[in-house]
file input.txt (compact mmCIF, C-alpha atoms and all ligand atoms)
# COMPACT_ATOMS: atom_id res chain seq x y z
CA MET A 1 -40.64 -3.03 106.21
CA THR A 2 -41.63 0.48 107.11
CA ALA A 3 -38.70 2.65 108.05
CA LYS A 4 -38.36 4.42 111.35
CA ILE A 5 -38.17 8.13 110.70
CA ILE A 6 -35.17 9.79 112.28
CA ASN A 7 -36.61 13.08 113.52
CA GLY A 8 -33.77 15.57 113.10
CA LYS A 9 -35.81 18.42 114.43
CA GLU A 10 -36.54 16.63 117.68
CA ILE A 11 -32.96 15.46 118.21
CA ALA A 12 -31.74 18.96 117.35
CA ALA A 13 -34.10 20.46 119.95
CA LYS A 14 -32.75 18.10 122.63
CA LYS A 15 -29.14 18.98 121.78
CA ARG A 16 -29.94 22.68 121.76
CA ILE A 17 -31.22 22.50 125.32
CA GLU A 18 -27.85 21.04 126.36
CA ILE A 19 -25.98 23.74 124.44
CA GLY A 20 -28.18 26.50 125.94
CA GLU A 21 -27.35 25.25 129.46
CA GLU A 22 -23.64 25.44 128.71
CA VAL A 23 -24.03 28.92 127.25
CA LYS A 24 -25.55 30.02 130.57
CA GLN A 25 -22.63 28.54 132.50
CA LEU A 26 -20.16 30.35 130.25
CA LYS A 27 -21.98 33.62 130.67
CA ALA A 28 -21.40 33.29 134.41
CA LYS A 29 -17.73 33.40 133.41
CA VAL A 30 -18.48 36.56 131.41
CA VAL A 31 -18.04 34.94 128.00
CA ILE A 32 -20.86 35.11 125.48
CA PRO A 33 -20.23 32.78 122.53
CA GLY A 34 -20.23 34.92 119.39
CA LEU A 35 -20.76 33.88 115.78
CA ALA A 36 -20.10 36.14 112.79
CA VAL A 37 -21.82 35.20 109.54
CA ILE A 38 -20.67 36.87 106.34
CA LEU A 39 -23.11 36.94 103.46
CA VAL A 40 -21.80 38.17 100.12
CA GLY A 41 -24.36 39.04 97.45
CA ASN A 42 -28.05 38.38 97.38
CA ASN A 43 -28.61 34.64 96.94
CA HIS A 44 -32.14 33.87 98.11
CA ALA A 45 -31.41 30.41 99.56
CA SER A 46 -28.32 31.74 101.36
CA ARG A 47 -30.40 34.45 102.98
CA THR A 48 -32.86 31.84 104.28
CA TYR A 49 -30.06 29.77 105.85
CA VAL A 50 -28.41 32.83 107.34
CA ASN A 51 -31.71 33.83 108.96
CA ILE A 52 -32.08 30.33 110.43
CA LYS A 53 -28.56 30.55 111.88
CA GLN A 54 -29.22 33.95 113.46
CA LYS A 55 -32.45 32.79 115.01
CA ALA A 56 -30.72 29.73 116.50
CA CYS A 57 -28.04 31.98 118.01
CA GLU A 58 -30.65 34.22 119.61
CA GLU A 59 -32.58 31.28 121.04
CA LEU A 60 -29.45 29.92 122.70
CA GLY A 61 -28.39 33.25 124.14
CA MET A 62 -25.40 33.59 121.84
CA TYR A 63 -24.16 36.76 120.19
CA SER A 64 -24.63 36.83 116.43
CA LEU A 65 -23.20 39.34 114.03
CA LEU A 66 -24.41 39.42 110.43
CA ILE A 67 -22.12 41.09 107.93
CA GLU A 68 -23.69 41.71 104.55
CA MET A 69 -21.45 42.61 101.65
CA PRO A 70 -22.56 43.45 98.09
CA GLU A 71 -22.18 41.01 95.18
CA GLU A 72 -19.39 43.12 93.64
CA THR A 73 -17.25 43.03 96.82
CA LYS A 74 -13.57 42.58 95.95
CA GLU A 75 -11.78 39.51 97.25
CA GLU A 76 -9.34 41.64 99.24
CA GLU A 77 -12.19 43.46 100.98
CA LEU A 78 -13.66 40.14 102.12
CA LEU A 79 -10.26 38.88 103.26
CA ALA A 80 -9.70 42.12 105.21
CA LYS A 81 -13.06 41.67 106.94
CA ILE A 82 -12.12 38.13 107.93
CA GLU A 83 -8.77 39.34 109.31
CA GLU A 84 -10.62 41.91 111.40
CA LEU A 85 -12.93 39.22 112.83
CA ASN A 86 -9.95 36.90 113.44
CA GLY A 87 -8.72 39.54 115.89
CA ASP A 88 -12.11 40.38 117.48
CA PRO A 89 -12.37 38.86 120.97
CA LYS A 90 -16.21 38.97 120.93
CA ILE A 91 -16.25 36.60 117.93
CA HIS A 92 -15.54 32.89 118.48
CA GLY A 93 -16.81 31.57 115.16
CA ILE A 94 -16.61 32.93 111.61
CA LEU A 95 -18.79 31.51 108.86
CA VAL A 96 -18.64 32.73 105.28
CA GLN A 97 -21.83 31.55 103.61
CA LEU A 98 -21.15 29.50 100.46
CA PRO A 99 -21.44 29.68 97.51
CA LEU A 100 -19.50 32.91 96.92
CA PRO A 101 -19.64 35.07 93.77
CA LYS A 102 -17.44 33.59 91.03
CA HIS A 103 -14.75 36.29 91.14
CA ILE A 104 -13.86 35.32 94.73
CA ASP A 105 -11.54 32.37 95.43
CA GLU A 106 -13.35 30.15 97.95
CA LYS A 107 -10.18 28.30 99.01
CA LYS A 108 -8.37 31.53 99.79
CA VAL A 109 -11.32 32.76 101.85
CA ILE A 110 -11.52 29.55 103.86
CA GLU A 111 -7.77 29.56 104.54
CA THR A 112 -7.92 33.14 105.81
CA ILE A 113 -10.21 32.20 108.70
CA ILE A 114 -8.00 31.23 111.64
CA PRO A 115 -8.50 27.52 112.41
CA ALA A 116 -9.49 28.38 116.01
CA LYS A 117 -12.58 30.26 114.70
CA ASP A 118 -13.35 27.95 111.76
CA VAL A 119 -16.64 26.64 113.18
CA ASP A 120 -17.63 25.30 109.73
CA GLY A 121 -14.66 22.93 109.91
CA PHE A 122 -13.67 23.76 106.32
CA HIS A 123 -10.06 24.90 106.94
CA PRO A 124 -7.42 22.38 105.77
CA ILE A 125 -5.96 22.37 109.29
CA ASN A 126 -9.27 21.22 110.76
CA ILE A 127 -9.79 18.73 107.94
CA GLY A 128 -6.31 17.29 108.59
CA ARG A 129 -6.97 17.09 112.32
CA MET A 130 -10.29 15.34 111.66
CA MET A 131 -8.54 12.81 109.39
CA THR A 132 -5.95 12.02 112.02
CA GLY A 133 -8.49 11.84 114.85
CA GLN A 134 -7.24 14.93 116.71
CA ASN A 135 -9.29 17.63 118.42
CA ALA A 136 -10.87 19.59 115.55
CA PHE A 137 -13.94 21.51 114.49
CA LEU A 138 -15.95 18.92 112.58
CA PRO A 139 -17.97 20.12 109.57
CA CYS A 140 -21.55 20.69 110.73
CA ALA A 141 -23.67 18.54 108.40
CA PRO A 142 -21.42 15.44 108.74
CA TYR A 143 -21.12 15.97 112.49
CA GLY A 144 -24.90 16.32 112.72
CA ILE A 145 -25.34 13.03 110.87
CA MET A 146 -23.05 11.26 113.37
CA VAL A 147 -25.13 12.64 116.23
CA LEU A 148 -28.37 11.52 114.52
CA LEU A 149 -26.97 7.98 114.23
CA GLU A 150 -25.80 7.98 117.83
CA GLU A 151 -29.07 9.35 119.19
CA SER A 152 -30.99 6.74 117.18
CA GLY A 153 -28.96 3.97 118.84
CA ILE A 154 -27.27 2.96 115.59
CA SER A 155 -23.74 1.64 115.90
CA VAL A 156 -21.46 2.24 112.95
CA SER A 157 -18.60 -0.16 113.65
CA GLY A 158 -18.18 -2.89 111.02
CA LYS A 159 -21.09 -1.66 108.88
CA ASN A 160 -20.86 -1.07 105.14
CA ALA A 161 -21.32 2.65 104.63
CA VAL A 162 -21.79 4.03 101.13
CA VAL A 163 -21.55 7.76 100.51
CA VAL A 164 -23.04 9.07 97.26
CA GLY A 165 -21.39 12.45 96.57
CA ARG A 166 -17.86 13.63 97.35
CA SER A 167 -18.12 17.35 98.02
CA ASN A 168 -15.56 18.84 100.39
CA ILE A 169 -18.24 20.01 102.82
CA VAL A 170 -20.43 16.89 103.08
CA GLY A 171 -19.48 13.75 101.14
CA LYS A 172 -15.74 13.50 101.84
CA PRO A 173 -15.90 14.38 105.55
CA ILE A 174 -18.90 12.15 106.39
CA GLY A 175 -17.02 9.22 104.86
CA GLN A 176 -14.03 10.06 107.04
CA LEU A 177 -16.11 10.33 110.23
CA LEU A 178 -17.74 6.97 109.49
CA LEU A 179 -14.31 5.46 108.87
CA ASN A 180 -13.06 6.92 112.16
CA GLN A 181 -15.87 4.93 113.82
CA ASN A 182 -14.79 1.74 112.03
CA ALA A 183 -17.28 1.57 109.17
CA THR A 184 -16.15 0.12 105.83
CA VAL A 185 -16.61 3.11 103.55
CA THR A 186 -17.26 3.34 99.80
CA TYR A 187 -17.56 6.65 97.93
CA CYS A 188 -19.71 6.98 94.80
CA HIS A 189 -19.84 10.01 92.50
CA SER A 190 -20.72 11.07 88.97
CA LYS A 191 -18.06 8.80 87.42
CA THR A 192 -19.16 5.71 89.34
CA LYS A 193 -19.96 2.99 86.79
CA ASP A 194 -22.67 0.95 88.46
CA LEU A 195 -24.16 2.99 91.29
CA LYS A 196 -26.78 0.41 92.24
CA LEU A 197 -24.14 -2.31 92.61
CA HIS A 198 -22.64 -0.26 95.46
CA THR A 199 -25.71 1.29 97.07
CA THR A 200 -27.48 -2.06 97.44
CA GLN A 201 -24.56 -3.23 99.62
CA ALA A 202 -25.00 -0.34 102.03
CA ASP A 203 -26.02 -0.87 105.63
CA ILE A 204 -25.73 2.91 105.93
CA LEU A 205 -26.38 5.02 102.84
CA ILE A 206 -25.54 8.73 102.85
CA VAL A 207 -26.84 10.72 99.90
CA ASP A 208 -25.60 14.18 98.92
CA VAL A 209 -25.93 14.73 95.17
CA ARG A 210 -28.30 17.72 94.77
CA ILE A 211 -30.79 15.88 92.56
CA ALA A 212 -34.40 15.50 93.74
CA ASN A 213 -35.63 11.89 94.03
CA PHE A 214 -32.30 10.53 92.78
CA ILE A 215 -32.22 7.48 95.05
CA LYS A 216 -35.14 5.06 94.58
CA ALA A 217 -36.23 1.88 96.32
CA GLU A 218 -34.24 -0.20 93.79
CA HIS A 219 -31.00 1.38 95.08
CA ILE A 220 -31.60 0.26 98.66
CA LYS A 221 -30.90 -2.88 100.63
CA GLU A 222 -33.87 -4.03 102.72
CA GLY A 223 -33.58 -2.53 106.21
CA ALA A 224 -30.80 -0.04 105.36
CA ILE A 225 -30.23 3.23 107.21
CA VAL A 226 -30.75 6.04 104.71
CA ILE A 227 -29.51 9.58 105.42
CA ASP A 228 -30.63 12.26 102.97
CA VAL A 229 -28.50 15.41 102.94
CA GLY A 230 -29.88 16.93 99.76
CA ILE A 231 -31.89 20.13 99.80
CA ASN A 232 -33.84 20.65 96.58
CA ARG A 233 -37.09 22.18 95.41
CA ASN A 234 -39.45 19.96 93.43
CA GLU A 235 -41.67 21.10 90.53
CA ALA A 236 -44.25 22.36 93.01
CA GLY A 237 -41.59 24.46 94.76
CA LYS A 238 -41.65 22.22 97.82
CA LEU A 239 -38.48 21.41 99.74
CA CYS A 240 -37.29 17.84 99.12
CA GLY A 241 -34.20 15.71 99.47
CA ASP A 242 -32.25 13.46 97.09
CA VAL A 243 -34.13 10.34 98.17
CA ALA A 244 -37.59 9.36 96.88
CA PHE A 245 -38.94 9.34 100.41
CA ASP A 246 -42.26 7.50 99.97
CA GLU A 247 -40.95 4.44 98.13
CA VAL A 248 -37.64 4.22 99.99
CA SER A 249 -39.30 4.45 103.41
CA GLU A 250 -41.21 1.26 102.60
CA LYS A 251 -37.93 -0.65 102.24
CA ALA A 252 -35.40 1.05 104.51
CA GLY A 253 -34.96 0.40 108.24
CA TYR A 254 -34.35 4.05 109.12
CA ILE A 255 -34.68 7.21 107.06
CA THR A 256 -34.19 10.95 107.54
CA PRO A 257 -36.84 13.23 106.04
CA VAL A 258 -36.31 16.56 104.26
CA PRO A 259 -37.13 18.98 105.80
CA LYS A 260 -36.63 18.16 109.51
CA GLY A 261 -33.78 15.70 109.02
CA VAL A 262 -30.12 16.63 108.61
CA GLY A 263 -30.80 20.39 108.15
CA PRO A 264 -31.70 21.26 111.76
CA MET A 265 -28.75 19.19 113.00
CA THR A 266 -26.39 21.14 110.74
CA ILE A 267 -27.45 24.36 112.43
CA THR A 268 -27.25 22.75 115.88
CA MET A 269 -23.68 21.57 115.37
CA LEU A 270 -22.74 25.06 114.19
CA MET A 271 -23.99 26.36 117.54
CA TYR A 272 -22.14 23.54 119.31
CA ASN A 273 -18.88 24.41 117.50
CA THR A 274 -19.27 28.09 118.38
CA LEU A 275 -19.76 27.16 122.04
CA LYS A 276 -16.72 24.87 121.87
CA SER A 277 -14.63 27.70 120.42
CA ALA A 278 -15.78 30.09 123.17
CA LYS A 279 -14.85 27.53 125.84
CA GLU A 280 -11.45 26.98 124.24
CA SER A 281 -10.83 30.74 124.18
CA LEU A 282 -10.74 30.63 128.00
CA ARG A 283 -7.78 28.28 128.07
N1 LIG B 301 -28.94 19.41 104.92
C1 LIG B 301 -27.88 20.14 105.23
O1 LIG B 301 -27.68 20.51 106.36
C2 LIG B 301 -26.94 20.52 104.18
C3 LIG B 301 -27.31 20.30 102.92
N2 LIG B 301 -26.50 20.59 101.89
C4 LIG B 301 -27.08 20.32 100.60
O2 LIG B 301 -26.43 19.20 100.05
C5 LIG B 301 -26.46 19.27 98.66
C6 LIG B 301 -25.08 19.02 98.10
O3 LIG B 301 -24.23 20.05 98.36
P1 LIG B 301 -22.69 19.94 98.05
O4 LIG B 301 -22.14 18.95 99.00
O5 LIG B 301 -22.12 21.31 98.03
O6 LIG B 301 -22.83 19.37 96.56
P2 LIG B 301 -21.90 19.30 95.30
O7 LIG B 301 -22.70 19.76 94.16
O8 LIG B 301 -20.58 19.88 95.57
O9 LIG B 301 -21.69 17.72 95.20
C7 LIG B 301 -22.58 16.87 94.60
C8 LIG B 301 -21.94 15.51 94.49
O10 LIG B 301 -22.87 14.63 93.86
C9 LIG B 301 -22.20 13.87 92.88
N3 LIG B 301 -23.10 13.50 91.80
C10 LIG B 301 -23.71 14.32 90.93
N4 LIG B 301 -24.43 13.61 90.05
C11 LIG B 301 -24.26 12.31 90.37
C12 LIG B 301 -24.72 11.10 89.81
N5 LIG B 301 -25.50 11.08 88.72
N6 LIG B 301 -24.35 9.95 90.38
C13 LIG B 301 -23.55 9.94 91.47
N7 LIG B 301 -23.08 11.06 92.03
C14 LIG B 301 -23.43 12.24 91.49
C15 LIG B 301 -21.08 14.75 92.40
O11 LIG B 301 -20.06 13.96 91.82
P3 LIG B 301 -18.68 14.57 91.18
O12 LIG B 301 -17.83 14.89 92.37
O13 LIG B 301 -18.15 13.47 90.37
O14 LIG B 301 -19.09 15.77 90.40
C16 LIG B 301 -20.66 15.47 93.67
O15 LIG B 301 -19.67 14.76 94.35
C17 LIG B 301 -27.08 20.61 98.32
O16 LIG B 301 -28.42 20.38 97.98
C18 LIG B 301 -26.92 21.41 99.59
O17 LIG B 301 -27.89 22.42 99.76
C19 LIG B 301 -25.24 21.06 102.07
C20 LIG B 301 -24.78 21.31 103.35
C21 LIG B 301 -25.61 21.08 104.51
N1 LIG B 302 -20.28 28.24 105.02
C1 LIG B 302 -21.37 27.46 104.88
N2 LIG B 302 -21.70 26.58 105.85
C2 LIG B 302 -22.81 25.78 105.73
O1 LIG B 302 -23.11 24.96 106.63
C3 LIG B 302 -23.63 25.90 104.56
C4 LIG B 302 -23.23 26.83 103.58
N3 LIG B 302 -22.10 27.58 103.75
N4 LIG B 302 -23.96 26.96 102.44
C5 LIG B 302 -25.21 26.23 102.24
C6 LIG B 302 -25.26 24.92 102.98
C7 LIG B 302 -26.65 24.39 103.21
N5 LIG B 302 -26.83 24.38 104.63
C8 LIG B 302 -28.04 24.10 105.29
C9 LIG B 302 -28.22 24.37 106.62
C10 LIG B 302 -29.45 24.20 107.25
C11 LIG B 302 -30.54 23.72 106.54
C12 LIG B 302 -31.86 23.59 107.24
O2 LIG B 302 -32.04 24.03 108.37
N6 LIG B 302 -32.87 23.03 106.59
C13 LIG B 302 -34.23 22.89 107.14
C14 LIG B 302 -35.27 23.58 106.28
C15 LIG B 302 -34.94 25.00 105.97
C16 LIG B 302 -35.92 25.67 105.01
O3 LIG B 302 -37.11 25.75 105.36
O4 LIG B 302 -35.48 26.08 103.91
C17 LIG B 302 -34.60 21.41 107.18
O5 LIG B 302 -34.00 20.64 106.40
O6 LIG B 302 -35.49 21.05 107.94
C18 LIG B 302 -30.35 23.42 105.22
C19 LIG B 302 -29.11 23.61 104.60
C20 LIG B 302 -25.71 24.85 105.25
N7 LIG B 302 -24.77 25.15 104.36

call {"tool": "encode", "arguments": {"input": "input.txt", "output": "structure tokens"}}
result
Amino acid sequence: MTAKIINGKEIAAKKRIEIGEEVKQLKAKVVIPGLAVILVGNNHASRTYVNIKQKACEELGMYSLLIEMPEETKEEELLAKIEELNGDPKIHGILVQLPLPKHIDEKKVIETIIPAKDVDGFHPINIGRMMTGQNAFLPCAPYGIMVLLEESGISVSGKNAVVVGRSNIVGKPIGQLLLNQNATVTYCHSKTKDLKLHTTQADILIVDVRIANFIKAEHIKEGAIVIDVGINRNEAGKLCGDVAFDEVSEKAGYITPVPKGVGPMTITMLMYNTLKSAKESLR
């Protein structure tokens, strides 16, 4: 079998047109959706992502505000900045780029963002609402994966979904979203005894471990849907995912590439959440 490639860039472009249309309608109501991105320190990868986010905002006619703070910023200075943005009516979404310097408590930072502007969907209030199926900001990468599945005509109900990785921002929430849509979900992580035993049962396999080429053809069930969330650089400095793309795509039914898979959808859902927040600010 040769897998169908799920083109995240193409699906993202289609969604962005829909978002752009809604932005125009909102502007007629004199509301411009605004996203503030806070970047602390000088992490090279973070800067790349922040640039991508700003560009996406511009393209969709949204307002974007970049706040750069030096590496040695004190926790209370960052928290004060967030408080200021919480009260700024031009800002509908606040994103603090992770990871943060070690002397800053990530949990405290996330909990300082008011849930109504938490477009990353990282605040415990939004996580709790997601778990209980209420209206919530869904975390962008997991949300983007759900849209990729939907747009590819893949139904989730009753399928065995296996998630490799249990980070708070990707692994745990994607498992929850799949469960909400009636998948049977298994989580694997670094303490899992026999990884292959689980992954070979997966109709849908989500991989988020941060290790290049970690998942090989032997881990896959014939015809499985394989979603690669990893972003790594290989020895040649090229961007690659956690899945050995060439060998796995000969066995899988569907596969997402890296780049042009989950990444562009993550950015798109961030724009979507910012639009949603702006619309909700009118109520
Ligand atoms: N494409 C996109 O849009 C996005 C991509 N990312 C990318 O996703 C990647 C992961 O990020 P993040 O979620 O923060 O990652 P973390 O480093 O927090 O999580 C990695 C997970 O992988 C698990 N793991 C590590 N080694 C193994 C192993 N040998 N076997 C099984 N499981 C293992 C860990 O298990 P344990 O919990 O036991 O330690 C952990 O749960 C990064 O490359 C990041 O850039 C992130 C967000 C969006
Ligand atoms: N508060 C916060 N929210 C995040 O959502 C967040 C974060 N911190 N920290 C880092 C991770 C990582 N992440 C990515 C987003 C887009 C691409 C993306 O667009 N990737 C392109 C390629 C980009 C490139 O060329 O480097 C692609 O896969 O095609 C990748 C990774 C969001 N994250």

call {"tool": "closest_residue", "arguments": {"input": "input.txt", "among": "A:Glu247, A:Glu106, A:Glu235, A:Glu72", "to": "A:Lys216", "atoms": "all atoms listed in the file"}}
result
A:Glu247

call {"tool": "residues_near_ligand", "arguments": {"input": "input.txt", "ligand": "ligand LIG 302 (chain B)", "cutoff": "8 Å", "atoms": "all atoms listed in the file", "output": "count of residues only"}}
result
32

call {"tool": "closest_atom_pairs", "arguments": {"input": "input.txt", "of": "stretch 38-87 of chain A", "to": "stretch 18-24 of chain A", "cutoff": "12 Å", "atoms": "all atoms listed in the file", "output": "JSON lines"}}
result
{"residue": "A:Ala56", "atom": "CA", "partner": "A:Gly20", "partner_atom": "CA", "distance": 10.3}
{"residue": "A:Cys57", "atom": "CA", "partner": "A:Gly20", "partner_atom": "CA", "distance": 9.6}
{"residue": "A:Glu58", "atom": "CA", "partner": "A:Gly20", "partner_atom": "CA", "distance": 10.3}
{"residue": "A:Glu59", "atom": "CA", "partner": "A:Gly20", "partner_atom": "CA", "distance": 8.1}
{"residue": "A:Leu60", "atom": "CA", "partner": "A:Gly20", "partner_atom": "CA", "distance": 4.9}
{"residue": "A:Gly61", "atom": "CA", "partner": "A:Val23", "partner_atom": "CA", "distance": 6.9}
{"residue": "A:Met62", "atom": "CA", "partner": "A:Val23", "partner_atom": "CA", "distance": 7.3}
{"residue": "A:Tyr63", "atom": "CA", "partner": "A:Val23", "partner_atom": "CA", "distance": 10.6}

call {"tool": "residues_near_ligand", "arguments": {"input": "input.txt", "ligand": "ligand LIG 301 (chain B)", "cutoff": "6 Å", "atoms": "all atoms listed in the file", "output": "PDB file with C-alpha atoms, keeping the file's coordinate frame"}}
result
ATOM      1  CA  ALA A 141     -23.670  18.540 108.400  1.00  0.00           C
ATOM      2  CA  VAL A 164     -23.040   9.070  97.260  1.00  0.00           C
ATOM      3  CA  GLY A 165     -21.390  12.450  96.570  1.00  0.00           C
ATOM      4  CA  ARG A 166     -17.860  13.630  97.350  1.00  0.00           C
ATOM      5  CA  SER A 167     -18.120  17.350  98.020  1.00  0.00           C
ATOM      6  CA  ILE A 169     -18.240  20.010 102.820  1.00  0.00           C
ATOM      7  CA  VAL A 170     -20.430  16.890 103.080  1.00  0.00           C
ATOM      8  CA  CYS A 188     -19.710   6.980  94.800  1.00  0.00           C
ATOM      9  CA  HIS A 189     -19.840  10.010  92.500  1.00  0.00           C
ATOM     10  CA  SER A 190     -20.720  11.070  88.970  1.00  0.00           C
ATOM     11  CA  LYS A 191     -18.060   8.800  87.420  1.00  0.00           C
ATOM     12  CA  ASP A 208     -25.600  14.180  98.920  1.00  0.00           C
ATOM     13  CA  VAL A 209     -25.930  14.730  95.170  1.00  0.00           C
ATOM     14  CA  ARG A 210     -28.300  17.720  94.770  1.00  0.00           C
ATOM     15  CA  VAL A 229     -28.500  15.410 102.940  1.00  0.00           C
ATOM     16  CA  GLY A 230     -29.880  16.930  99.760  1.00  0.00           C
ATOM     17  CA  ILE A 231     -31.890  20.130  99.800  1.00  0.00           C
ATOM     18  CA  ASN A 232     -33.840  20.650  96.580  1.00  0.00           C
ATOM     19  CA  VAL A 262     -30.120  16.630 108.610  1.00  0.00           C
ATOM     20  CA  GLY A 263     -30.800  20.390 108.150  1.00  0.00           C
ATOM     21  CA  THR A 266     -26.390  21.140 110.740  1.00  0.00           C
TER      22      THR A 266
END

call {"tool": "residues_around", "arguments": {"input": "input.txt", "residues": "A:Asp118", "least_positions_apart": "5", "cutoff": "8 Å", "atoms": "only C-alpha atoms", "output": "short mmCIF file (atom, residue, chain, number, x, y, z; two decimals) with C-alpha atoms, in the frame of the given file"}}
result
data_model
loop_
_atom_site.label_atom_id
_atom_site.label_comp_id
_atom_site.auth_asym_id
_atom_site.auth_seq_id
_atom_site.Cartn_x
_atom_site.Cartn_y
_atom_site.Cartn_z
CA GLY A 93 -16.81 31.57 115.16
CA ILE A 94 -16.61 32.93 111.61
CA LEU A 95 -18.79 31.51 108.86
CA ILE A 113 -10.21 32.20 108.70
CA HIS A 123 -10.06 24.90 106.94
CA ASN A 126 -9.27 21.22 110.76
CA PHE A 137 -13.94 21.51 114.49
#

call {"tool": "atom_distance", "arguments": {"input": "input.txt", "atom1": "atom CA of A:Val40", "atom2": "atom CA of A:Thr73"}}
result
7.4 Å

call {"tool": "atom_distance", "arguments": {"input": "input.txt", "atom1": "atom CA of A:Ile5", "atom2": "atom CA of A:Ile227"}}
result
10.2 Å

call {"tool": "closest_residue", "arguments": {"input": "input.txt", "among": "A:Val226, A:Ile67, A:Ile114, A:Ala278", "to": "A:Val163", "atoms": "all atoms listed in the file"}}
result
A:Val226

call {"tool": "atom_distance", "arguments": {"input": "input.txt", "atom1": "atom CA of A:Phe245", "atom2": "atom CA of A:Lys14"}}
result
24.7 Å

call {"tool": "closest_atom_pairs", "arguments": {"input": "input.txt", "of": "stretch 76-132 of chain A", "to": "stretch 25-33 of chain A", "cutoff": "8 Å", "atoms": "only C-alpha atoms", "output": "Markdown table"}}
result
| residue | atom | partner | partner_atom | distance |
| --- | --- | --- | --- | --- |
| A:Lys90 | CA | A:Pro33 | CA | 7.6 |
| A:Ile91 | CA | A:Pro33 | CA | 7.2 |
| A:His92 | CA | A:Pro33 | CA | 6.2 |

call {"tool": "write_last_selection", "arguments": {"input": "input.txt", "atoms": "C-alpha atoms", "output": "compact mmCIF listing (two decimals), in the frame of the given file"}}
result
# COMPACT_ATOMS: atom_id res chain seq x y z
CA LYS A 90 -16.21 38.97 120.93
CA ILE A 91 -16.25 36.60 117.93
CA HIS A 92 -15.54 32.89 118.48

call {"tool": "residues_around", "arguments": {"input": "input.txt", "residues": "A:Ala183", "least_positions_apart": "6", "cutoff": "12 Å", "atoms": "only C-alpha atoms", "output": "count of residues only"}}
result
18

call {"tool": "residues_around", "arguments": {"input": "input.txt", "residues": "A:Pro70", "least_positions_apart": "4", "cutoff": "10 Å", "atoms": "only C-alpha atoms", "output": "list in words"}}
result
Leu39, Val40, Gly41, Asn42, Lys74 and Pro101 of chain A

call {"tool": "closest_residue", "arguments": {"input": "input.txt", "among": "A:His219, A:Ile11, A:Ile82, A:Val109", "to": "A:Met146", "atoms": "all atoms listed in the file"}}
result
A:Ile11

call {"tool": "decode", "arguments": {"input": "input.txt", "residues": "stretch 28-60 of chain A", "atoms": "C-alpha atoms", "output": "PDB file, in the first residue's frame"}}
result
ATOM      1  CA  ALA A  28     -17.530  45.722   9.351  1.00  0.00           C
ATOM      2  CA  LYS A  29     -18.545  45.594  13.012  1.00  0.00           C
ATOM      3  CA  VAL A  30     -15.405  47.592  13.852  1.00  0.00           C
ATOM      4  CA  VAL A  31     -13.609  44.722  15.574  1.00  0.00           C
ATOM      5  CA  ILE A  32     -10.171  43.681  14.358  1.00  0.00           C
ATOM      6  CA  PRO A  33      -9.099  40.369  15.916  1.00  0.00           C
ATOM      7  CA  GLY A  34      -5.840  41.012  17.757  1.00  0.00           C
ATOM      8  CA  LEU A  35      -3.170  38.529  18.839  1.00  0.00           C
ATOM      9  CA  ALA A  36      -0.319  39.368  21.209  1.00  0.00           C
ATOM     10  CA  VAL A  37       2.705  37.076  21.109  1.00  0.00           C
ATOM     11  CA  ILE A  38       5.251  37.319  23.895  1.00  0.00           C
ATOM     12  CA  LEU A  39       8.736  36.054  23.168  1.00  0.00           C
ATOM     13  CA  VAL A  40      11.140  35.853  26.091  1.00  0.00           C
ATOM     14  CA  GLY A  41      14.826  35.390  25.293  1.00  0.00           C
ATOM     15  CA  ASN A  42      16.474  34.567  22.024  1.00  0.00           C
ATOM     16  CA  ASN A  43      15.659  30.968  21.125  1.00  0.00           C
ATOM     17  CA  HIS A  44      16.224  30.565  17.391  1.00  0.00           C
ATOM     18  CA  ALA A  45      13.403  28.073  16.747  1.00  0.00           C
ATOM     19  CA  SER A  46      10.966  30.185  18.790  1.00  0.00           C
ATOM     20  CA  ARG A  47      11.798  33.212  16.677  1.00  0.00           C
ATOM     21  CA  THR A  48      11.014  31.258  13.492  1.00  0.00           C
ATOM     22  CA  TYR A  49       7.600  30.178  14.827  1.00  0.00           C
ATOM     23  CA  VAL A  50       6.793  33.665  16.059  1.00  0.00           C
ATOM     24  CA  ASN A  51       7.578  35.067  12.606  1.00  0.00           C
ATOM     25  CA  ILE A  52       5.273  32.487  10.998  1.00  0.00           C
ATOM     26  CA  LYS A  53       2.470  33.482  13.393  1.00  0.00           C
ATOM     27  CA  GLN A  54       2.889  37.186  12.644  1.00  0.00           C
ATOM     28  CA  LYS A  55       2.855  36.607   8.918  1.00  0.00           C
ATOM     29  CA  ALA A  56      -0.342  34.545   9.200  1.00  0.00           C
ATOM     30  CA  CYS A  57      -1.999  37.353  11.174  1.00  0.00           C
ATOM     31  CA  GLU A  58      -1.068  39.914   8.532  1.00  0.00           C
ATOM     32  CA  GLU A  59      -2.342  37.749   5.697  1.00  0.00           C
ATOM     33  CA  LEU A  60      -5.713  37.366   7.381  1.00  0.00           C
TER      34      LEU A  60
END
